[in-house]
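**Student:** Take a look at input-v9.txt, compact mmCIF, C-alpha atoms:
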```
# COMPACT_ATOMS: atom_id res chain seq x y z
CA MET A 5 4.37 -14.10 -21.36
CA THR A 6 5.91 -17.25 -19.91
CA GLU A 7 4.75 -17.95 -16.37
CA ILE A 8 7.25 -19.21 -13.82
CA THR A 9 5.81 -22.67 -13.46
CA ASP A 10 8.69 -24.36 -11.66
CA ASP A 11 10.25 -22.97 -8.48
CA ALA A 12 9.38 -19.35 -7.88
CA VAL A 13 12.27 -16.92 -7.51
CA GLN A 14 13.09 -13.84 -5.50
CA ILE A 15 15.45 -11.19 -6.89
CA ILE A 16 17.38 -9.34 -4.19
CA ALA A 17 19.46 -6.19 -4.68
CA ARG A 18 21.57 -4.67 -1.90
CA GLY A 19 23.46 -1.40 -1.84
CA PRO A 20 23.45 2.25 -0.75
CA ARG A 21 20.16 4.07 -0.36
CA ALA A 22 20.62 6.42 -3.32
CA ALA A 23 21.21 3.54 -5.73
CA ALA A 24 18.35 1.46 -4.31
CA GLU A 25 15.87 4.34 -4.51
CA ALA A 26 16.97 5.23 -8.04
CA ALA A 27 16.62 1.61 -9.15
CA ALA A 28 13.17 1.37 -7.55
CA ALA A 29 12.11 4.56 -9.33
CA ALA A 30 13.34 3.10 -12.63
CA MET A 31 11.29 -0.04 -12.02
CA ASP A 32 8.21 2.12 -11.38
CA ALA A 33 8.79 4.04 -14.59
CA ASN A 34 9.29 0.91 -16.71
CA PRO A 35 6.01 0.04 -18.53
CA LEU A 36 7.08 -3.62 -18.74
CA LEU A 37 7.12 -3.75 -14.92
CA GLU A 38 3.81 -2.00 -14.29
CA GLY A 39 2.42 -4.94 -12.30
CA ALA A 40 5.67 -6.09 -10.70
CA THR A 41 5.68 -6.84 -6.99
CA TYR A 42 8.64 -5.54 -5.01
CA SER A 43 9.55 -3.81 -1.76
CA ILE A 44 12.39 -1.55 -0.68
CA LEU A 45 13.63 -1.22 2.88
CA GLU A 46 16.62 -0.32 5.02
CA GLU A 47 18.35 -3.60 5.88
CA ASP A 48 21.33 -2.38 7.92
CA GLU A 49 21.18 1.15 9.33
CA ASP A 50 24.74 1.07 10.72
CA ARG A 51 26.27 0.08 7.38
CA GLY A 52 23.84 2.11 5.25
CA VAL A 53 22.64 -0.95 3.33
CA TRP A 54 19.25 -0.88 1.59
CA ARG A 55 17.54 -3.86 -0.03
CA ILE A 56 15.09 -4.39 -2.85
CA ASP A 57 13.10 -7.65 -2.86
CA ALA A 58 11.32 -8.43 -6.14
CA PHE A 59 8.98 -11.36 -6.82
CA PRO A 60 8.54 -11.83 -10.59
CA VAL A 61 5.69 -13.98 -11.87
CA THR A 62 6.97 -14.47 -15.44
CA LEU A 63 10.36 -15.20 -16.95
CA GLU A 64 10.16 -11.98 -18.97
CA GLU A 65 9.42 -9.96 -15.83
CA ALA A 66 12.37 -11.56 -14.05
CA ASP A 67 14.70 -10.72 -16.93
CA GLU A 68 13.44 -7.13 -17.06
CA ILE A 69 13.91 -6.63 -13.31
CA ARG A 70 17.48 -7.92 -13.51
CA ALA A 71 18.16 -5.69 -16.51
CA VAL A 72 16.95 -2.60 -14.63
CA LEU A 73 18.92 -3.43 -11.49
CA ALA A 74 22.05 -4.03 -13.56
CA GLY A 75 22.09 -0.31 -14.35
CA TRP A 76 23.48 0.44 -10.87
CA ALA A 77 26.97 -0.93 -10.29
CA GLU A 78 26.65 -0.14 -6.56
CA LEU A 79 23.93 -2.77 -6.20
CA THR A 80 24.72 -6.44 -5.61
CA VAL A 81 21.99 -8.49 -7.28
CA VAL A 82 21.23 -12.15 -6.61
CA THR A 83 18.40 -14.47 -7.61
CA GLU A 84 17.26 -17.05 -5.11
CA ASP A 85 14.79 -19.92 -5.43
CA LEU A 86 11.75 -19.83 -3.18
CA ALA A 87 10.80 -23.10 -1.59
CA ASP A 88 7.73 -24.90 -2.90
CA ALA A 89 5.51 -23.60 -0.12
CA ASP A 90 3.26 -20.71 0.78
CA TRP A 91 6.16 -18.31 1.24
CA LEU A 92 3.87 -15.36 1.96
CA ALA A 93 2.16 -17.15 4.82
CA MET A 94 5.55 -18.31 6.11
CA SER A 95 6.91 -14.77 6.10
CA LEU A 96 3.82 -13.41 7.82
CA SER A 97 4.09 -16.00 10.58
CA GLY A 98 7.35 -14.38 11.65
CA LEU A 99 6.14 -10.79 11.47
CA PRO A 100 5.25 -8.98 14.67
CA PRO A 101 1.91 -7.21 15.02
CA VAL A 102 1.77 -3.54 14.06
CA ARG A 103 0.63 -0.72 16.35
CA GLU A 104 -0.14 2.56 14.59
CA GLY A 105 -1.92 5.00 16.85
CA ARG A 106 -5.19 3.41 17.94
CA PHE A 107 -4.88 0.60 15.40
CA PHE A 108 -3.40 -2.82 16.19
CA VAL A 109 -2.96 -4.98 13.09
CA PHE A 110 -2.25 -8.67 13.64
CA GLY A 111 -2.53 -12.11 12.10
CA LEU A 112 -4.07 -15.22 13.59
CA HIS A 113 -0.66 -16.20 15.02
CA ASP A 114 -0.75 -13.07 17.25
CA LYS A 115 -4.34 -13.35 18.40
CA GLY A 116 -4.69 -12.28 22.02
CA LEU A 117 -1.76 -9.83 22.03
CA ALA A 118 -3.78 -6.70 21.29
CA PRO A 119 -3.85 -3.96 23.94
CA PRO A 120 -7.35 -3.59 25.43
CA ASN A 121 -7.72 0.03 24.25
CA ALA A 122 -6.75 -0.65 20.62
CA VAL A 123 -8.90 -0.94 17.51
CA GLN A 124 -8.04 -4.55 16.67
CA LEU A 125 -7.69 -5.39 12.99
CA ARG A 126 -7.05 -9.06 12.25
CA ILE A 127 -5.73 -9.17 8.70
CA GLU A 128 -4.83 -12.35 6.83
CA ALA A 129 -3.02 -11.58 3.59
CA GLY A 130 -3.35 -14.75 1.55
CA ALA A 131 -2.49 -13.66 -1.99
CA ALA A 132 -3.28 -9.98 -1.36
CA PHE A 133 -1.02 -7.06 -0.50
CA GLY A 134 -1.29 -4.85 2.56
CA THR A 135 -0.78 -6.38 5.99
CA GLY A 136 0.06 -3.14 7.78
CA HIS A 137 3.78 -3.94 7.97
CA HIS A 138 4.69 -2.10 4.79
CA GLY A 139 5.65 1.56 5.24
CA THR A 140 2.86 2.71 2.92
CA THR A 141 0.04 0.92 4.75
CA ALA A 142 1.44 1.84 8.15
CA GLY A 143 1.74 5.45 7.01
CA CYS A 144 -1.91 5.52 5.95
CA LEU A 145 -3.01 4.13 9.31
CA ARG A 146 -0.90 6.68 11.18
CA VAL A 147 -2.24 9.75 9.37
CA PHE A 148 -5.79 8.35 9.55
CA HIS A 149 -5.39 7.96 13.33
CA ASP A 150 -4.25 11.58 13.57
CA LEU A 151 -7.12 12.86 11.40
CA LEU A 152 -9.65 11.05 13.58
CA LYS A 153 -8.63 13.22 16.52
CA GLY A 154 -10.41 16.16 14.93
CA ARG A 155 -13.12 14.80 12.65
CA ARG A 156 -15.08 11.77 11.47
CA PHE A 157 -15.56 10.50 7.94
CA ALA A 158 -19.03 9.16 7.18
CA LYS A 159 -18.22 7.88 3.68
CA VAL A 160 -14.83 6.37 2.82
CA LEU A 161 -13.45 4.93 -0.42
CA ASP A 162 -10.32 2.75 -0.50
CA VAL A 163 -8.81 2.57 -4.01
CA GLY A 164 -6.55 -0.47 -4.41
CA ALA A 165 -7.76 -2.02 -1.19
CA GLY A 166 -5.58 -5.15 -1.20
CA THR A 167 -6.39 -6.97 2.05
CA GLY A 168 -8.99 -4.32 2.88
CA VAL A 169 -7.21 -3.12 6.01
CA LEU A 170 -7.81 0.61 5.40
CA ALA A 171 -11.50 0.31 4.55
CA ILE A 172 -11.94 -2.01 7.53
CA ALA A 173 -10.13 0.48 9.78
CA ALA A 174 -12.60 3.16 8.61
CA ALA A 175 -15.61 0.94 9.23
CA ARG A 176 -14.34 0.03 12.69
CA THR A 177 -13.94 3.71 13.67
CA GLY A 178 -17.42 4.93 12.79
CA SER A 179 -17.62 5.37 9.03
CA LYS A 180 -21.18 4.52 7.96
CA LEU A 181 -20.04 3.59 4.47
CA ALA A 182 -16.67 2.02 3.60
CA VAL A 183 -16.12 0.85 0.03
CA GLY A 184 -12.94 -0.73 -1.34
CA THR A 185 -11.91 -1.48 -4.91
CA ASP A 186 -9.13 -3.58 -6.39
CA ILE A 187 -8.18 -4.70 -9.88
CA ASP A 188 -7.23 -8.13 -8.52
CA GLN A 189 -10.18 -10.50 -8.04
CA PRO A 190 -8.51 -12.64 -5.31
CA SER A 191 -7.78 -9.47 -3.33
CA VAL A 192 -11.47 -8.53 -3.44
CA ARG A 193 -12.38 -11.94 -2.05
CA ILE A 194 -9.70 -11.80 0.67
CA ALA A 195 -10.73 -8.26 1.67
CA GLY A 196 -14.32 -9.41 2.03
CA GLU A 197 -13.22 -12.32 4.20
CA ASN A 198 -11.16 -9.97 6.39
CA ALA A 199 -14.16 -7.65 6.77
CA ALA A 200 -16.27 -10.58 7.94
CA VAL A 201 -13.60 -11.69 10.45
CA ASN A 202 -13.48 -8.15 11.86
CA GLN A 203 -17.27 -7.75 11.84
CA ALA A 204 -16.78 -4.60 9.78
CA LYS A 205 -19.41 -3.19 7.45
CA ALA A 206 -17.05 -2.70 4.54
CA ARG A 207 -17.77 -3.91 1.05
CA PHE A 208 -15.40 -4.49 -1.84
CA VAL A 209 -15.80 -4.48 -5.61
CA HIS A 210 -13.65 -5.69 -8.47
CA ALA A 211 -12.90 -2.50 -10.40
CA SER A 212 -10.21 -0.58 -12.22
CA GLY A 213 -10.26 3.08 -11.30
CA LEU A 214 -13.31 4.82 -9.85
CA GLY A 215 -15.83 4.30 -12.64
CA HIS A 216 -17.62 1.26 -11.23
CA ARG A 217 -21.34 1.94 -10.77
CA ARG A 218 -21.29 0.86 -7.12
CA VAL A 219 -18.45 3.31 -6.45
CA ALA A 220 -20.06 6.19 -8.35
CA ALA A 221 -23.49 5.58 -6.82
CA THR A 222 -22.33 6.42 -3.29
CA ALA A 223 -20.14 9.44 -4.16
CA PRO A 224 -19.14 11.99 -3.05
CA TYR A 225 -16.90 10.65 -0.29
CA ASP A 226 -15.50 12.36 2.77
CA LEU A 227 -12.20 10.47 2.54
CA VAL A 228 -10.41 8.56 -0.22
CA PHE A 229 -7.49 6.25 0.48
CA ALA A 230 -5.31 5.45 -2.54
CA ASN A 231 -2.39 3.25 -1.52
CA ILE A 232 -1.28 2.17 -4.98
CA LEU A 233 1.67 3.25 -7.17
CA ALA A 234 2.86 6.66 -8.32
CA PRO A 235 1.81 6.43 -12.01
CA PRO A 236 -1.84 5.49 -11.28
CA LEU A 237 -1.94 8.07 -8.47
CA VAL A 238 -1.10 10.72 -11.05
CA SER A 239 -3.55 9.39 -13.66
CA LEU A 240 -6.39 9.16 -11.10
CA ALA A 241 -5.95 12.68 -9.70
CA GLN A 242 -9.02 14.11 -11.46
CA ASP A 243 -11.16 11.03 -10.73
CA ILE A 244 -10.26 11.21 -7.03
CA ARG A 245 -11.11 14.92 -7.00
CA THR A 246 -14.49 14.16 -8.58
CA ALA A 247 -15.17 11.41 -6.04
CA LEU A 248 -14.54 13.72 -3.04
CA ARG A 249 -16.91 16.28 -1.59
CA PRO A 250 -15.55 19.84 -1.13
CA GLY A 251 -13.22 19.80 1.86
CA GLY A 252 -12.79 16.03 1.52
CA ILE A 253 -9.47 14.37 2.26
CA ALA A 254 -7.28 12.20 0.04
CA ILE A 255 -4.64 10.00 1.70
CA LEU A 256 -2.17 8.94 -0.98
CA SER A 257 0.59 6.37 -0.58
CA GLY A 258 2.45 3.65 -2.42
CA LEU A 259 4.96 6.17 -3.75
CA LEU A 260 8.65 6.58 -3.12
CA ARG A 261 10.02 9.84 -1.74
CA THR A 262 11.65 10.38 -5.12
CA GLN A 263 8.18 10.34 -6.73
CA GLU A 264 6.52 12.65 -4.21
CA ARG A 265 6.99 15.90 -6.13
CA ARG A 266 5.39 14.52 -9.30
CA VAL A 267 2.37 13.12 -7.45
CA ARG A 268 1.93 16.23 -5.31
CA ALA A 269 2.07 18.48 -8.38
CA ALA A 270 -0.71 16.52 -10.10
CA TYR A 271 -3.05 17.13 -7.16
CA LEU A 272 -2.10 20.72 -6.41
CA ALA A 273 -2.80 21.52 -10.06
CA ARG A 274 -6.37 20.30 -9.49
CA GLY A 275 -7.05 22.49 -6.51
CA PHE A 276 -5.95 20.25 -3.65
CA ARG A 277 -4.11 21.67 -0.65
CA LEU A 278 -1.29 19.72 0.95
CA LYS A 279 -2.12 19.17 4.63
CA ARG A 280 0.65 16.79 5.64
CA ARG A 281 3.30 14.41 4.39
CA LEU A 282 4.77 11.47 6.25
CA HIS A 283 7.95 9.57 5.39
CA ARG A 284 8.61 5.96 6.34
CA ASP A 285 11.94 4.61 5.11
CA ALA A 286 11.93 5.28 1.35
CA TRP A 287 8.14 5.71 1.18
CA ALA A 288 5.92 8.79 1.35
CA THR A 289 2.31 9.29 2.42
CA LEU A 290 0.51 12.51 1.44
CA VAL A 291 -2.61 14.03 2.99
CA LEU A 292 -4.41 16.48 0.73
CA GLU A 293 -7.66 18.41 1.07
CA LYS A 294 -9.94 19.17 -1.85
CA GLY A 295 -10.37 22.91 -2.27
```
Using structure tokens, write down the structure that the file contains.
**Tutor:**
Amino acid sequence: MTEITDDAVQIIARGPRAAAEAAAAAMDANPLLEGATYSILEEDEDRGVWRIDAFPVTLEEADEIRAVLAGWAELTVVTEDLADADWLAMSLSGLPPVREGRFFVFGLHDKGLAPPNAVQLRIEAGAAFGTGHHGTTAGCLRVFHDLLKGRRFAKVLDVGAGTGVLAIAAARTGSKLAVGTDIDQPSVRIAGENAAVNQAKARFVHASGLGHRRVAATAPYDLVFANILAPPLVSLAQDIRTALRPGGIAILSGLLRTQERRVRAAYLARGFRLKRRLHRDAWATLVLEKG
């Protein structure tokens, strides 16, 4: 693979919702784009315009993304250079804080704006994913807030923790044990730093899946977050079931609405019961209970 060593690029596709969602689903299904970073959102509600933003890290990945997007004539696709700067930090500096139920997620630039009755979560993304602004992370926080009205979760596992915001949210709301995993080593470091900033007793391990000894040693869990992608959600269905105690809850996100049926079927086939589903833009969040 040839890394993009000069100016980084952003690939932008705009068009109607159906085309954008179909193209995003095709990217998810493409094995050559398994690790690709992209987002999909509604750009102009009045005109019905949706947008895909993709950030390839290799020339081959960029070519493959453009090839997939070219399959939808309704989409207008452009490639733009990103300035030689920390574009993620720049974009975060312009993002407003997020309020989801009792949770208030903010960056250093919004310090001091939190309502006095909120659970304040200061999250700095760095090179990790999951600031609370994305529909999947916000959806997880919302359903977690609602679940906390009726019960507490002593032991929580966050699979694909990214910045650690979900595990930190659990630790800050009474979970005695909050463990997060991620396949990306920098994300593990950043999540640990965020836990320290928030004085949260959450710990993070570099792991793929749920087989790490530090994850297995503290099972079974009362709640498992898995805010990842649809294909790994399907492949991890049995492992997540094994990691949960009977009656435990799985909060699944990172999937498009178009992928919801496939993910839901994988868990229902293993004895889970669907408790709730939440839609945010093109994204879905599922709450399932282990039978």
**Student:** What is the atom CA of Glu84 of chain A to atom CA of Tyr42 of chain A distance in Å?
**Tutor:**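 Separation between atom CA of Glu84 of chain A and atom CA of Tyr42 of chain A: 14.4 Å.
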**Student:** Distance atom CA of Arg249 of chain A-atom CA of Cys144 of chain A, one decimal place?
**Tutor:**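 So the answer is 19.9 Å.
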**Student:** So which residues are close to (-20.1, 5.5, 8.4), meaning at most 6 Å away in the file's coordinates with all atoms listed in the file counted, and can you show them as a list in words?
**Tutor:**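 Collected hits near the coordinates: Ala158, Lys159, Gly178, Ser179, Lys180 and Leu181 of chain A.
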**Student:** Take the point (8.4, -1.2, -14.2) as written in the file and pick out every residue within 12 Å of it, counting only C-alpha atoms; give the list as a ChimeraX atom specification.
**Tutor:** /A:27-42,58,60,64-73,233-235
**Student:** So the first atom is atom CA of Leu145 of chain A and the second is atom CA of Gly258 of chain A; what is the distance between them in Å, to one decimal place?
**Tutor:** 12.9 Å
**Student:** For a quick check of understanding, using all atoms listed in the file, which of A:Ile15, A:Val219, A:Leu237, A:Leu79 has the smallest distance to Ala254 of chain A?
**Tutor:**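 Checking each of A:Ile15, A:Val219, A:Leu237, A:Leu79 against Ala254 of chain A, counting all atoms listed in the file, the winner is A:Leu237.
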